[in-house]
>>> print(open('work00.cif').read())   # mmCIF, C-alpha atoms
data_work
#
loop_
_atom_site.group_PDB
_atom_site.id
_atom_site.type_symbol
_atom_site.label_atom_id
_atom_site.label_comp_id
_atom_site.auth_asym_id
_atom_site.auth_seq_id
_atom_site.Cartn_x
_atom_site.Cartn_y
_atom_site.Cartn_z
ATOM 1 C CA MET A 1 -0.108 7.404 2.454
ATOM 2 C CA THR A 2 -2.840 7.407 5.077
ATOM 3 C CA ALA A 3 -4.677 4.291 6.227
ATOM 4 C CA GLU A 4 -7.762 4.856 4.056
ATOM 5 C CA PRO A 5 -5.950 4.825 0.661
ATOM 6 C CA ALA A 6 -3.798 1.924 1.844
ATOM 7 C CA PHE A 7 -6.883 -0.163 2.623
ATOM 8 C CA GLY A 8 -8.240 0.734 -0.803
ATOM 9 C CA LEU A 9 -5.336 -1.136 -2.413
ATOM 10 C CA GLY A 10 -6.600 -4.443 -1.024
ATOM 11 C CA ASN A 11 -5.275 -6.985 1.403
ATOM 12 C CA SER A 12 -1.545 -7.344 0.782
ATOM 13 C CA ARG A 13 -1.368 -10.733 2.517
ATOM 14 C CA ALA A 14 -4.209 -12.127 0.407
ATOM 15 C CA LYS A 15 -2.571 -10.816 -2.768
ATOM 16 C CA MET A 16 0.713 -12.461 -1.805
ATOM 17 C CA LEU A 17 -0.994 -15.798 -1.141
ATOM 18 C CA VAL A 18 -2.844 -15.716 -4.471
ATOM 19 C CA TRP A 19 0.414 -14.858 -6.263
ATOM 20 C CA ARG A 20 2.243 -17.785 -4.643
ATOM 21 C CA LEU A 21 -0.624 -20.132 -5.434
ATOM 22 C CA SER A 22 -0.597 -18.943 -9.052
ATOM 23 C CA VAL A 23 3.134 -19.580 -9.366
ATOM 24 C CA ALA A 24 2.747 -23.075 -7.896
ATOM 25 C CA CYS A 25 -0.102 -23.873 -10.287
ATOM 26 C CA MET A 26 1.860 -22.567 -13.272
ATOM 27 C CA ARG A 27 4.877 -24.731 -12.438
ATOM 28 C CA GLN A 28 2.840 -27.959 -12.519
ATOM 29 C CA ARG A 29 2.587 -29.138 -16.122
ATOM 30 C CA SER A 30 -0.456 -31.317 -15.301
ATOM 31 C CA SER A 31 -2.376 -28.469 -13.640
ATOM 32 C CA PRO A 32 -5.460 -27.186 -15.474
ATOM 33 C CA TYR A 33 -4.266 -23.698 -14.570
ATOM 34 C CA ARG A 34 -1.097 -24.246 -16.616
ATOM 35 C CA ILE A 35 -3.347 -24.228 -19.684
ATOM 36 C CA VAL A 36 -4.742 -20.855 -18.559
ATOM 37 C CA TYR A 37 -1.205 -19.530 -18.097
ATOM 38 C CA ASP A 38 -0.023 -20.722 -21.509
ATOM 39 C CA ALA A 39 -3.090 -19.281 -23.248
ATOM 40 C CA ALA A 40 -2.612 -15.946 -21.501
ATOM 41 C CA ARG A 41 1.067 -15.835 -22.460
ATOM 42 C CA LEU A 42 0.137 -16.401 -26.101
ATOM 43 C CA GLN A 43 -2.508 -13.694 -25.874
ATOM 44 C CA TYR A 44 -0.071 -11.232 -24.291
ATOM 45 C CA ASP A 45 2.698 -12.012 -26.821
ATOM 46 C CA GLU A 46 0.827 -9.794 -29.263
ATOM 47 C CA ARG A 47 1.435 -6.792 -27.007
ATOM 48 C CA GLU A 48 4.701 -4.927 -26.903
ATOM 49 C CA TRP A 49 5.450 -5.806 -23.299
ATOM 50 C CA THR A 50 8.596 -7.165 -21.697
ATOM 51 C CA ASP A 51 8.763 -10.871 -20.883
ATOM 52 C CA GLY A 52 8.413 -10.085 -17.184
ATOM 53 C CA HIS A 53 5.306 -7.994 -17.785
ATOM 54 C CA ARG A 54 3.695 -10.784 -19.861
ATOM 55 C CA HIS A 55 4.603 -13.356 -17.205
ATOM 56 C CA ALA A 56 3.119 -11.246 -14.398
ATOM 57 C CA ALA A 57 -0.078 -10.569 -16.377
ATOM 58 C CA ALA A 58 -0.502 -14.285 -17.110
ATOM 59 C CA LEU A 59 -0.001 -15.121 -13.429
ATOM 60 C CA ARG A 60 -2.647 -12.560 -12.459
ATOM 61 C CA LYS A 61 -5.030 -14.258 -14.880
ATOM 62 C CA VAL A 62 -4.265 -17.647 -13.272
ATOM 63 C CA GLY A 63 -4.901 -16.129 -9.842
ATOM 64 C CA LYS A 64 -8.289 -14.850 -10.960
ATOM 65 C CA GLU A 65 -9.218 -18.293 -12.298
ATOM 66 C CA VAL A 66 -8.163 -19.951 -9.033
ATOM 67 C CA LEU A 67 -10.211 -17.470 -6.999
ATOM 68 C CA ARG A 68 -13.194 -17.931 -9.324
ATOM 69 C CA ASP A 69 -13.053 -21.719 -8.903
ATOM 70 C CA LEU A 70 -12.707 -21.414 -5.117
ATOM 71 C CA TRP A 71 -15.717 -19.091 -5.039
ATOM 72 C CA ILE A 72 -17.799 -21.567 -7.079
ATOM 73 C CA VAL A 73 -16.885 -24.463 -4.778
ATOM 74 C CA ALA A 74 -17.585 -22.400 -1.654
ATOM 75 C CA LYS A 75 -20.944 -21.316 -3.051
ATOM 76 C CA ASP A 76 -21.918 -24.918 -3.859
ATOM 77 C CA THR A 77 -21.203 -26.060 -0.297
ATOM 78 C CA GLU A 78 -23.604 -23.542 1.293
#
>>> encode(input="work00.cif", output="structure tokens")
Amino acid sequence: MTAEPAFGLGNSRAKMLVWRLSVACMRQRSSPYRIVYDAARLQYDEREWTDGHRHAAALRKVGKEVLRDLWIVAKDTE
């Protein structure tokens, strides 16, 4: 793979940090993002996916919610 397609896949370090943040949020029962994770898992239970696939999809949804909330806070502080 050349550099151009590799850059098109996104920032691997940023993806890793969002993934770790999502896992940490999911593990905290009192986190508002745990509710997002649980709702996503229920939504994905209807699909014929493996447990790992459903877990990963729910974590990606949590990551998107975290990034959305960070963007809103950053925008409000401008």
>>> resolve_selection(input="work00.cif", expression="the PyMOL selection byres ((chain A and resi 5-20) around 9)", output="list of chain:residue names")
A:Met1, A:Thr2, A:Ala3, A:Glu4, A:Leu21, A:Ser22, A:Val23, A:Ala24, A:Cys25, A:Leu59, A:Arg60, A:Val62, A:Gly63, A:Lys64, A:Val66, A:Leu67
>>> atom_distance(input="work00.cif", atom1="atom CA of Ala56 of chain A", atom2="atom CA of Tyr33 of chain A")
14.5 Å
>>> atom_distance(input="work00.cif", atom1="atom CA of His55 of chain A", atom2="atom CA of Ile35 of chain A")
13.7 Å
>>> resolve_selection(input="work00.cif", expression="the PyMOL selection byres ((chain A and resi 44) around 12)", output="list in words")
Tyr37, Asp38, Ala39, Ala40, Arg41, Leu42, Gln43, Asp45, Glu46, Arg47, Glu48, Trp49, Thr50, Asp51, Gly52, His53, Arg54, His55, Ala56, Ala57, Ala58, Leu59 and Lys61 of chain A
>>> atom_distance(input="work00.cif", atom1="atom CA of Glu65 of chain A", atom2="atom CA of Arg29 of chain A")
16.5 Å
>>> axis_aligned_box(input="work00.cif", around="segment 16-22 of chain A", padding_each_side="6 Å", output="JSON")
{"center_x": -0.3, "center_y": -16.3, "center_z": -5.1, "size_x": 17.1, "size_y": 19.7, "size_z": 19.9}
